[in-house]
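Enquirer: The structure file structure-v1.txt (compact mmCIF, N, CA and C atoms) is provided below.
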```
# COMPACT_ATOMS: atom_id res chain seq x y z
N MET A 1 -24.60 -14.72 -13.31
CA MET A 1 -23.67 -13.77 -12.76
C MET A 1 -24.00 -12.37 -13.27
N LYS A 2 -23.97 -11.43 -12.40
CA LYS A 2 -24.25 -10.04 -12.74
C LYS A 2 -23.12 -9.50 -13.62
N THR A 3 -23.47 -8.78 -14.70
CA THR A 3 -22.43 -8.23 -15.58
C THR A 3 -22.57 -6.73 -15.78
N LYS A 4 -23.51 -6.08 -15.15
CA LYS A 4 -23.69 -4.64 -15.32
C LYS A 4 -23.73 -3.94 -13.97
N PHE A 5 -23.04 -2.84 -13.88
CA PHE A 5 -23.06 -1.99 -12.70
C PHE A 5 -23.82 -0.72 -13.05
N THR A 6 -24.62 -0.25 -12.12
CA THR A 6 -25.33 1.02 -12.30
C THR A 6 -24.56 2.11 -11.56
N PRO A 7 -24.75 3.37 -11.96
CA PRO A 7 -24.12 4.47 -11.22
C PRO A 7 -24.51 4.48 -9.74
N GLU A 8 -25.72 4.05 -9.42
CA GLU A 8 -26.15 4.01 -8.03
C GLU A 8 -25.33 3.00 -7.23
N GLU A 9 -25.01 1.86 -7.85
CA GLU A 9 -24.18 0.87 -7.17
C GLU A 9 -22.76 1.40 -6.96
N VAL A 10 -22.26 2.13 -7.94
CA VAL A 10 -20.92 2.73 -7.81
C VAL A 10 -20.93 3.76 -6.69
N LYS A 11 -22.01 4.54 -6.58
CA LYS A 11 -22.11 5.52 -5.50
C LYS A 11 -22.09 4.82 -4.14
N LYS A 12 -22.77 3.68 -4.05
CA LYS A 12 -22.80 2.92 -2.80
C LYS A 12 -21.40 2.41 -2.45
N ILE A 13 -20.70 1.87 -3.44
CA ILE A 13 -19.34 1.38 -3.23
C ILE A 13 -18.43 2.53 -2.80
N ALA A 14 -18.59 3.69 -3.46
CA ALA A 14 -17.78 4.86 -3.11
C ALA A 14 -18.06 5.29 -1.68
N ARG A 15 -19.32 5.30 -1.30
CA ARG A 15 -19.67 5.70 0.06
C ARG A 15 -19.08 4.74 1.08
N LEU A 16 -19.17 3.44 0.81
CA LEU A 16 -18.61 2.44 1.71
C LEU A 16 -17.08 2.53 1.79
N SER A 17 -16.47 3.04 0.72
CA SER A 17 -15.02 3.19 0.66
C SER A 17 -14.56 4.57 1.10
N SER A 18 -15.51 5.41 1.52
CA SER A 18 -15.21 6.79 1.92
C SER A 18 -14.56 7.58 0.80
N LEU A 19 -15.07 7.39 -0.42
CA LEU A 19 -14.58 8.12 -1.59
C LEU A 19 -15.64 9.10 -2.05
N GLU A 20 -15.19 10.25 -2.50
CA GLU A 20 -16.11 11.21 -3.10
C GLU A 20 -15.92 11.18 -4.61
N LEU A 21 -16.99 10.90 -5.33
CA LEU A 21 -16.93 10.83 -6.79
C LEU A 21 -17.89 11.83 -7.40
N ALA A 22 -17.46 12.44 -8.49
CA ALA A 22 -18.35 13.31 -9.25
C ALA A 22 -19.32 12.44 -10.03
N GLU A 23 -20.42 13.03 -10.45
CA GLU A 23 -21.45 12.29 -11.20
C GLU A 23 -20.85 11.61 -12.44
N LYS A 24 -20.00 12.34 -13.16
CA LYS A 24 -19.38 11.79 -14.37
C LYS A 24 -18.49 10.60 -14.03
N GLU A 25 -17.79 10.67 -12.89
CA GLU A 25 -16.93 9.57 -12.48
C GLU A 25 -17.73 8.32 -12.18
N THR A 26 -18.90 8.46 -11.56
CA THR A 26 -19.71 7.27 -11.25
C THR A 26 -20.15 6.59 -12.54
N GLU A 27 -20.45 7.37 -13.56
CA GLU A 27 -20.85 6.77 -14.85
C GLU A 27 -19.67 6.04 -15.49
N VAL A 28 -18.49 6.67 -15.44
CA VAL A 28 -17.30 6.04 -16.03
C VAL A 28 -16.97 4.76 -15.29
N PHE A 29 -16.97 4.79 -13.95
CA PHE A 29 -16.66 3.60 -13.17
C PHE A 29 -17.71 2.51 -13.39
N ALA A 30 -18.96 2.87 -13.53
CA ALA A 30 -20.00 1.86 -13.78
C ALA A 30 -19.70 1.12 -15.08
N LYS A 31 -19.30 1.86 -16.12
CA LYS A 31 -18.95 1.22 -17.40
C LYS A 31 -17.71 0.35 -17.25
N GLN A 32 -16.69 0.86 -16.53
CA GLN A 32 -15.46 0.09 -16.36
C GLN A 32 -15.70 -1.18 -15.54
N PHE A 33 -16.45 -1.07 -14.45
CA PHE A 33 -16.77 -2.26 -13.65
C PHE A 33 -17.54 -3.28 -14.48
N SER A 34 -18.47 -2.81 -15.30
CA SER A 34 -19.25 -3.72 -16.14
C SER A 34 -18.35 -4.43 -17.14
N THR A 35 -17.41 -3.71 -17.72
CA THR A 35 -16.48 -4.32 -18.67
C THR A 35 -15.63 -5.39 -17.99
N ILE A 36 -15.18 -5.11 -16.78
CA ILE A 36 -14.38 -6.10 -16.03
C ILE A 36 -15.22 -7.35 -15.78
N LEU A 37 -16.47 -7.18 -15.37
CA LEU A 37 -17.32 -8.34 -15.12
C LEU A 37 -17.60 -9.13 -16.39
N GLU A 38 -17.70 -8.44 -17.52
CA GLU A 38 -17.88 -9.15 -18.79
C GLU A 38 -16.67 -10.02 -19.10
N TYR A 39 -15.47 -9.51 -18.80
CA TYR A 39 -14.27 -10.32 -19.01
C TYR A 39 -14.26 -11.55 -18.11
N PHE A 40 -14.72 -11.40 -16.87
CA PHE A 40 -14.81 -12.56 -15.98
C PHE A 40 -15.79 -13.59 -16.55
N GLN A 41 -16.87 -13.13 -17.14
CA GLN A 41 -17.84 -14.04 -17.74
C GLN A 41 -17.18 -14.82 -18.88
N ILE A 42 -16.38 -14.13 -19.69
CA ILE A 42 -15.67 -14.79 -20.79
C ILE A 42 -14.71 -15.84 -20.23
N LEU A 43 -13.99 -15.48 -19.16
CA LEU A 43 -13.04 -16.42 -18.56
C LEU A 43 -13.74 -17.66 -18.01
N LYS A 44 -14.95 -17.49 -17.49
CA LYS A 44 -15.69 -18.64 -16.97
C LYS A 44 -16.02 -19.64 -18.07
N GLU A 45 -16.15 -19.15 -19.30
CA GLU A 45 -16.55 -19.99 -20.42
C GLU A 45 -15.37 -20.66 -21.11
N VAL A 46 -14.15 -20.22 -20.82
CA VAL A 46 -12.96 -20.77 -21.46
C VAL A 46 -12.65 -22.13 -20.85
N GLU A 47 -12.37 -23.09 -21.71
CA GLU A 47 -12.01 -24.42 -21.24
C GLU A 47 -10.51 -24.48 -21.03
N ILE A 48 -10.11 -24.85 -19.83
CA ILE A 48 -8.69 -24.94 -19.50
C ILE A 48 -8.39 -26.40 -19.21
N PRO A 49 -7.41 -26.96 -19.90
CA PRO A 49 -7.09 -28.38 -19.67
C PRO A 49 -6.53 -28.57 -18.27
N ASP A 50 -6.84 -29.73 -17.71
CA ASP A 50 -6.31 -30.06 -16.39
C ASP A 50 -4.83 -30.37 -16.50
N ILE A 51 -4.04 -29.70 -15.68
CA ILE A 51 -2.61 -29.95 -15.63
C ILE A 51 -2.28 -30.32 -14.20
N ASN A 52 -1.65 -31.45 -14.04
CA ASN A 52 -1.26 -31.87 -12.71
C ASN A 52 0.14 -31.32 -12.42
N TYR A 53 0.19 -30.17 -11.77
CA TYR A 53 1.46 -29.52 -11.50
C TYR A 53 2.31 -30.29 -10.49
N ASN A 54 1.68 -31.15 -9.72
CA ASN A 54 2.44 -31.92 -8.74
C ASN A 54 3.33 -32.95 -9.41
N SER A 55 2.91 -33.49 -10.56
CA SER A 55 3.70 -34.52 -11.21
C SER A 55 4.62 -33.95 -12.28
N ASP A 56 4.36 -32.75 -12.74
CA ASP A 56 5.17 -32.15 -13.80
C ASP A 56 5.84 -30.89 -13.26
N GLU A 57 7.14 -30.98 -12.99
CA GLU A 57 7.84 -29.85 -12.41
C GLU A 57 8.53 -28.98 -13.46
N ASN A 58 8.28 -29.23 -14.75
CA ASN A 58 8.90 -28.42 -15.80
C ASN A 58 8.45 -26.97 -15.74
N HIS A 59 7.24 -26.73 -15.23
CA HIS A 59 6.73 -25.35 -15.18
C HIS A 59 7.51 -24.50 -14.17
N LEU A 60 8.23 -25.14 -13.27
CA LEU A 60 8.97 -24.40 -12.25
C LEU A 60 10.21 -23.71 -12.80
N SER A 61 10.75 -24.20 -13.90
CA SER A 61 11.99 -23.64 -14.43
C SER A 61 11.75 -22.52 -15.44
N ILE A 62 10.53 -22.12 -15.63
CA ILE A 62 10.23 -21.05 -16.58
C ILE A 62 10.60 -19.71 -15.94
N GLY A 63 11.30 -18.87 -16.67
CA GLY A 63 11.63 -17.55 -16.15
C GLY A 63 13.11 -17.41 -15.88
N ARG A 64 13.45 -16.41 -15.11
CA ARG A 64 14.85 -16.13 -14.82
C ARG A 64 15.18 -16.55 -13.40
N GLU A 65 16.44 -16.75 -13.17
CA GLU A 65 16.91 -17.08 -11.83
C GLU A 65 16.96 -15.80 -11.00
N ASP A 66 16.45 -15.84 -9.79
CA ASP A 66 16.50 -14.68 -8.91
C ASP A 66 17.91 -14.52 -8.36
N LYS A 67 18.39 -13.27 -8.38
CA LYS A 67 19.71 -12.98 -7.84
C LYS A 67 19.60 -11.80 -6.90
N VAL A 68 20.27 -11.90 -5.77
CA VAL A 68 20.32 -10.80 -4.82
C VAL A 68 21.52 -9.94 -5.17
N VAL A 69 21.26 -8.66 -5.40
CA VAL A 69 22.36 -7.73 -5.68
C VAL A 69 22.21 -6.52 -4.77
N GLU A 70 23.33 -6.01 -4.36
CA GLU A 70 23.36 -4.84 -3.50
C GLU A 70 23.06 -3.60 -4.35
N SER A 71 22.13 -2.78 -3.88
CA SER A 71 21.78 -1.56 -4.60
C SER A 71 22.79 -0.47 -4.27
N ASN A 72 23.08 0.35 -5.26
CA ASN A 72 24.00 1.46 -5.01
C ASN A 72 23.24 2.72 -4.58
N ILE A 73 21.94 2.60 -4.37
CA ILE A 73 21.11 3.72 -3.93
C ILE A 73 20.63 3.43 -2.52
N SER A 74 20.98 4.31 -1.61
CA SER A 74 20.52 4.13 -0.23
C SER A 74 19.11 4.69 -0.10
N ALA A 75 18.42 4.25 0.92
CA ALA A 75 17.05 4.72 1.14
C ALA A 75 17.03 6.22 1.37
N GLU A 76 18.05 6.75 2.02
CA GLU A 76 18.10 8.19 2.28
C GLU A 76 18.24 8.98 0.98
N LYS A 77 18.95 8.43 -0.01
CA LYS A 77 19.08 9.09 -1.31
C LYS A 77 17.81 8.94 -2.13
N PHE A 78 17.09 7.88 -1.87
CA PHE A 78 15.87 7.59 -2.63
C PHE A 78 14.73 8.52 -2.27
N SER A 79 14.61 8.87 -1.00
CA SER A 79 13.47 9.66 -0.56
C SER A 79 13.88 10.65 0.53
N PRO A 80 13.38 11.88 0.45
CA PRO A 80 13.65 12.84 1.51
C PRO A 80 12.76 12.61 2.73
N TYR A 81 11.89 11.62 2.68
CA TYR A 81 10.92 11.38 3.75
C TYR A 81 11.33 10.24 4.66
N MET A 82 12.64 10.11 4.88
CA MET A 82 13.14 9.04 5.74
C MET A 82 13.31 9.55 7.17
N GLU A 83 12.97 8.68 8.12
CA GLU A 83 13.17 9.00 9.53
C GLU A 83 13.51 7.70 10.25
N ASN A 84 14.71 7.61 10.79
CA ASN A 84 15.18 6.41 11.50
C ASN A 84 15.09 5.15 10.65
N GLY A 85 15.38 5.28 9.36
CA GLY A 85 15.36 4.13 8.47
C GLY A 85 13.99 3.75 7.95
N PHE A 86 12.96 4.54 8.25
CA PHE A 86 11.60 4.26 7.79
C PHE A 86 11.09 5.43 6.97
N PHE A 87 10.18 5.15 6.05
CA PHE A 87 9.52 6.21 5.30
C PHE A 87 8.49 6.87 6.20
N LYS A 88 8.52 8.18 6.26
CA LYS A 88 7.53 8.92 7.04
C LYS A 88 6.51 9.48 6.06
N VAL A 89 5.24 9.11 6.27
CA VAL A 89 4.17 9.54 5.36
C VAL A 89 3.10 10.27 6.16
N PRO A 90 2.32 11.11 5.49
CA PRO A 90 1.26 11.80 6.22
C PRO A 90 0.17 10.83 6.68
N LYS A 91 -0.46 11.17 7.78
CA LYS A 91 -1.55 10.37 8.31
C LYS A 91 -2.71 10.40 7.31
N ILE A 92 -3.27 9.24 6.99
CA ILE A 92 -4.36 9.20 6.01
C ILE A 92 -5.71 8.86 6.64
N ILE A 93 -5.70 8.45 7.89
CA ILE A 93 -6.95 8.12 8.56
C ILE A 93 -7.25 9.20 9.59
N ASP A 94 -8.40 9.81 9.44
CA ASP A 94 -8.83 10.85 10.35
C ASP A 94 -9.59 10.20 11.49
N PRO A 95 -9.10 10.28 12.73
CA PRO A 95 -9.77 9.60 13.85
C PRO A 95 -11.15 10.18 14.17
N ASP A 96 -11.47 11.37 13.65
CA ASP A 96 -12.76 11.98 13.94
C ASP A 96 -13.86 11.46 13.03
N HIS A 97 -13.51 10.62 12.06
CA HIS A 97 -14.54 10.09 11.13
C HIS A 97 -14.74 8.63 11.28
```
Go ahead and render the structure in this file as structure tokens.
Expert:
Amino acid sequence: MKTKFTPEEVKKIARLSSLELAEKETEVFAKQFSTILEYFQILKEVEIPDINYNSDENHLSIGREDKVVESNISAEKFSPYMENGFFKVPKIIDPDH
């Protein structure tokens, strides 16, 4: 499994994602991506015992009970960008590109 990213690979990913990155950013992202892949390599090596979740339902009761409560904040108070009950946001996709 590959564990190192080069700045050139980051530039390619940025181009495919339509992102503009400065040279320093590509170096930082290359290091961060490499670190993430190293963690995945560590996880591949960890032995995890087999647990049959179908026969043991005790894991389902872990946590808190979900409760539905009415909020005292309306959407209109939450954001000034409401229109007909929906959030109105600027267009992010340019049809000319």
Enquirer: Quote the spacing between atom CA of Asn72 of chain A and atom CA of Lys88 of chain A in Å to one decimal place.
Expert: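 Atom-to-atom, atom CA of Asn72 of chain A and atom CA of Lys88 of chain A are spaced 21.7 Å apart.
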Enquirer: Which one of A:Glu76, A:Glu20, A:Glu65, A:Glu25 sits closest to Pro7 of chain A if you count all atoms listed in the file?
Expert: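 Counting all atoms listed in the file, the residue closest to Pro7 of chain A is A:Glu25.
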Enquirer: What does the structure give for the distance between atom N of Ala75 of chain A and atom C of Phe87 of chain A, in Å to one decimal?
Expert: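 One can read the atom N of Ala75 of chain A to atom C of Phe87 of chain A distance as 11.5 Å.
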Enquirer: Using DSSP secondary structure from the backbone, list all helix (DSSP H, G or I) positions within chain A, as JSON, numbers by chain.
Expert: {"A": [7, 8, 9, 10, 11, 12, 13, 14, 15, 16, 23, 24, 25, 26, 27, 28, 29, 30, 31, 32, 33, 34, 35, 36, 37, 38, 39, 40, 41, 42, 43, 44, 45, 57, 58, 59, 60, 61, 75, 76, 77, 78]}
Enquirer: So what do you get for atom CA of Phe33 of chain A versus atom CA of Glu45 of chain A, distance-wise?
Expert: 19.0 Å
Enquirer: If DSSP is run on the backbone, what residues of chain A are strand (DSSP E)? A reply as a list in words would be ideal.
Expert: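 Restricting chain A to strand (DSSP E) produces Met82, Glu83, Phe86 and Phe87 of chain A.
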Enquirer: Restrict the output to segment 3-44 of chain A and N, CA and C atoms, then write it as a PDB file, in the first residue's frame.
Expert:
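What ended up in out.pdb:
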```
ATOM      1  N   THR A   3       2.175   4.803   0.926  1.00  0.00           N
ATOM      2  CA  THR A   3       2.069   5.576   2.167  1.00  0.00           C
ATOM      3  C   THR A   3       2.633   6.988   2.034  1.00  0.00           C
ATOM      4  N   LYS A   4       3.093   7.376   0.879  1.00  0.00           N
ATOM      5  CA  LYS A   4       3.657   8.717   0.697  1.00  0.00           C
ATOM      6  C   LYS A   4       2.997   9.418  -0.480  1.00  0.00           C
ATOM      7  N   PHE A   5       2.673  10.667  -0.285  1.00  0.00           N
ATOM      8  CA  PHE A   5       2.145  11.520  -1.342  1.00  0.00           C
ATOM      9  C   PHE A   5       3.214  12.534  -1.719  1.00  0.00           C
ATOM     10  N   THR A   6       3.346  12.804  -2.994  1.00  0.00           N
ATOM     11  CA  THR A   6       4.271  13.828  -3.461  1.00  0.00           C
ATOM     12  C   THR A   6       3.480  15.111  -3.728  1.00  0.00           C
ATOM     13  N   PRO A   7       4.155  16.263  -3.710  1.00  0.00           N
ATOM     14  CA  PRO A   7       3.462  17.508  -4.060  1.00  0.00           C
ATOM     15  C   PRO A   7       2.840  17.462  -5.461  1.00  0.00           C
ATOM     16  N   GLU A   8       3.446  16.739  -6.378  1.00  0.00           N
ATOM     17  CA  GLU A   8       2.894  16.625  -7.729  1.00  0.00           C
ATOM     18  C   GLU A   8       1.552  15.895  -7.706  1.00  0.00           C
ATOM     19  N   GLU A   9       1.447  14.859  -6.870  1.00  0.00           N
ATOM     20  CA  GLU A   9       0.178  14.140  -6.751  1.00  0.00           C
ATOM     21  C   GLU A   9      -0.899  15.033  -6.127  1.00  0.00           C
ATOM     22  N   VAL A  10      -0.497  15.842  -5.161  1.00  0.00           N
ATOM     23  CA  VAL A  10      -1.445  16.773  -4.538  1.00  0.00           C
ATOM     24  C   VAL A  10      -1.912  17.801  -5.569  1.00  0.00           C
ATOM     25  N   LYS A  11      -0.995  18.276  -6.415  1.00  0.00           N
ATOM     26  CA  LYS A  11      -1.373  19.225  -7.462  1.00  0.00           C
ATOM     27  C   LYS A  11      -2.390  18.595  -8.411  1.00  0.00           C
ATOM     28  N   LYS A  12      -2.192  17.315  -8.732  1.00  0.00           N
ATOM     29  CA  LYS A  12      -3.121  16.616  -9.623  1.00  0.00           C
ATOM     30  C   LYS A  12      -4.498  16.498  -8.970  1.00  0.00           C
ATOM     31  N   ILE A  13      -4.525  16.132  -7.696  1.00  0.00           N
ATOM     32  CA  ILE A  13      -5.790  16.028  -6.968  1.00  0.00           C
ATOM     33  C   ILE A  13      -6.481  17.387  -6.913  1.00  0.00           C
ATOM     34  N   ALA A  14      -5.694  18.441  -6.661  1.00  0.00           N
ATOM     35  CA  ALA A  14      -6.256  19.796  -6.605  1.00  0.00           C
ATOM     36  C   ALA A  14      -6.843  20.186  -7.958  1.00  0.00           C
ATOM     37  N   ARG A  15      -6.131  19.869  -9.017  1.00  0.00           N
ATOM     38  CA  ARG A  15      -6.620  20.207 -10.357  1.00  0.00           C
ATOM     39  C   ARG A  15      -7.920  19.465 -10.653  1.00  0.00           C
ATOM     40  N   LEU A  16      -7.973  18.174 -10.312  1.00  0.00           N
ATOM     41  CA  LEU A  16      -9.181  17.388 -10.534  1.00  0.00           C
ATOM     42  C   LEU A  16     -10.346  17.882  -9.682  1.00  0.00           C
ATOM     43  N   SER A  17     -10.027  18.503  -8.546  1.00  0.00           N
ATOM     44  CA  SER A  17     -11.050  19.028  -7.643  1.00  0.00           C
ATOM     45  C   SER A  17     -11.351  20.491  -7.899  1.00  0.00           C
ATOM     46  N   SER A  18     -10.721  21.062  -8.923  1.00  0.00           N
ATOM     47  CA  SER A  18     -10.882  22.481  -9.257  1.00  0.00           C
ATOM     48  C   SER A  18     -10.491  23.384  -8.094  1.00  0.00           C
ATOM     49  N   LEU A  19      -9.395  23.033  -7.417  1.00  0.00           N
ATOM     50  CA  LEU A  19      -8.871  23.833  -6.316  1.00  0.00           C
ATOM     51  C   LEU A  19      -7.569  24.482  -6.740  1.00  0.00           C
ATOM     52  N   GLU A  20      -7.362  25.691  -6.273  1.00  0.00           N
ATOM     53  CA  GLU A  20      -6.088  26.359  -6.505  1.00  0.00           C
ATOM     54  C   GLU A  20      -5.297  26.335  -5.206  1.00  0.00           C
ATOM     55  N   LEU A  21      -4.109  25.758  -5.248  1.00  0.00           N
ATOM     56  CA  LEU A  21      -3.263  25.665  -4.064  1.00  0.00           C
ATOM     57  C   LEU A  21      -1.941  26.362  -4.308  1.00  0.00           C
ATOM     58  N   ALA A  22      -1.445  27.030  -3.282  1.00  0.00           N
ATOM     59  CA  ALA A  22      -0.113  27.616  -3.350  1.00  0.00           C
ATOM     60  C   ALA A  22       0.913  26.496  -3.207  1.00  0.00           C
ATOM     61  N   GLU A  23       2.126  26.758  -3.624  1.00  0.00           N
ATOM     62  CA  GLU A  23       3.200  25.751  -3.563  1.00  0.00           C
ATOM     63  C   GLU A  23       3.371  25.224  -2.137  1.00  0.00           C
ATOM     64  N   LYS A  24       3.346  26.124  -1.161  1.00  0.00           N
ATOM     65  CA  LYS A  24       3.514  25.725   0.242  1.00  0.00           C
ATOM     66  C   LYS A  24       2.364  24.821   0.690  1.00  0.00           C
ATOM     67  N   GLU A  25       1.152  25.109   0.206  1.00  0.00           N
ATOM     68  CA  GLU A  25      -0.003  24.290   0.567  1.00  0.00           C
ATOM     69  C   GLU A  25       0.132  22.873   0.023  1.00  0.00           C
ATOM     70  N   THR A  26       0.652  22.724  -1.190  1.00  0.00           N
ATOM     71  CA  THR A  26       0.803  21.375  -1.753  1.00  0.00           C
ATOM     72  C   THR A  26       1.782  20.559  -0.924  1.00  0.00           C
ATOM     73  N   GLU A  27       2.822  21.198  -0.416  1.00  0.00           N
ATOM     74  CA  GLU A  27       3.788  20.480   0.437  1.00  0.00           C
ATOM     75  C   GLU A  27       3.141  20.064   1.753  1.00  0.00           C
ATOM     76  N   VAL A  28       2.366  20.987   2.343  1.00  0.00           N
ATOM     77  CA  VAL A  28       1.698  20.681   3.614  1.00  0.00           C
ATOM     78  C   VAL A  28       0.703  19.549   3.422  1.00  0.00           C
ATOM     79  N   PHE A  29      -0.119  19.622   2.368  1.00  0.00           N
ATOM     80  CA  PHE A  29      -1.106  18.575   2.114  1.00  0.00           C
ATOM     81  C   PHE A  29      -0.434  17.241   1.803  1.00  0.00           C
ATOM     82  N   ALA A  30       0.679  17.255   1.101  1.00  0.00           N
ATOM     83  CA  ALA A  30       1.390  16.002   0.811  1.00  0.00           C
ATOM     84  C   ALA A  30       1.809  15.329   2.114  1.00  0.00           C
ATOM     85  N   LYS A  31       2.319  16.113   3.064  1.00  0.00           N
ATOM     86  CA  LYS A  31       2.711  15.552   4.372  1.00  0.00           C
ATOM     87  C   LYS A  31       1.492  15.044   5.134  1.00  0.00           C
ATOM     88  N   GLN A  32       0.395  15.829   5.112  1.00  0.00           N
ATOM     89  CA  GLN A  32      -0.808  15.420   5.839  1.00  0.00           C
ATOM     90  C   GLN A  32      -1.421  14.156   5.235  1.00  0.00           C
ATOM     91  N   PHE A  33      -1.511  14.091   3.904  1.00  0.00           N
ATOM     92  CA  PHE A  33      -2.046  12.884   3.254  1.00  0.00           C
ATOM     93  C   PHE A  33      -1.178  11.670   3.584  1.00  0.00           C
ATOM     94  N   SER A  34       0.136  11.855   3.587  1.00  0.00           N
ATOM     95  CA  SER A  34       1.045  10.749   3.901  1.00  0.00           C
ATOM     96  C   SER A  34       0.834  10.267   5.329  1.00  0.00           C
ATOM     97  N   THR A  35       0.649  11.197   6.257  1.00  0.00           N
ATOM     98  CA  THR A  35       0.409  10.829   7.652  1.00  0.00           C
ATOM     99  C   THR A  35      -0.887  10.034   7.782  1.00  0.00           C
ATOM    100  N   ILE A  36      -1.922  10.458   7.075  1.00  0.00           N
ATOM    101  CA  ILE A  36      -3.203   9.742   7.110  1.00  0.00           C
ATOM    102  C   ILE A  36      -3.018   8.322   6.582  1.00  0.00           C
ATOM    103  N   LEU A  37      -2.295   8.166   5.480  1.00  0.00           N
ATOM    104  CA  LEU A  37      -2.073   6.829   4.931  1.00  0.00           C
ATOM    105  C   LEU A  37      -1.253   5.956   5.867  1.00  0.00           C
ATOM    106  N   GLU A  38      -0.318   6.562   6.597  1.00  0.00           N
ATOM    107  CA  GLU A  38       0.456   5.797   7.576  1.00  0.00           C
ATOM    108  C   GLU A  38      -0.456   5.269   8.679  1.00  0.00           C
ATOM    109  N   TYR A  39      -1.427   6.080   9.101  1.00  0.00           N
ATOM    110  CA  TYR A  39      -2.379   5.614  10.111  1.00  0.00           C
ATOM    111  C   TYR A  39      -3.220   4.453   9.585  1.00  0.00           C
ATOM    112  N   PHE A  40      -3.619   4.516   8.318  1.00  0.00           N
ATOM    113  CA  PHE A  40      -4.359   3.403   7.727  1.00  0.00           C
ATOM    114  C   PHE A  40      -3.506   2.135   7.724  1.00  0.00           C
ATOM    115  N   GLN A  41      -2.224   2.273   7.462  1.00  0.00           N
ATOM    116  CA  GLN A  41      -1.330   1.120   7.475  1.00  0.00           C
ATOM    117  C   GLN A  41      -1.283   0.508   8.875  1.00  0.00           C
ATOM    118  N   ILE A  42      -1.223   1.363   9.895  1.00  0.00           N
ATOM    119  CA  ILE A  42      -1.222   0.876  11.282  1.00  0.00           C
ATOM    120  C   ILE A  42      -2.528   0.140  11.575  1.00  0.00           C
ATOM    121  N   LEU A  43      -3.644   0.706  11.125  1.00  0.00           N
ATOM    122  CA  LEU A  43      -4.942   0.065  11.367  1.00  0.00           C
ATOM    123  C   LEU A  43      -5.045  -1.292  10.684  1.00  0.00           C
ATOM    124  N   LYS A  44      -4.423  -1.441   9.516  1.00  0.00           N
ATOM    125  CA  LYS A  44      -4.450  -2.727   8.834  1.00  0.00           C
ATOM    126  C   LYS A  44      -3.738  -3.804   9.631  1.00  0.00           C
TER     127      LYS A  44
END
```
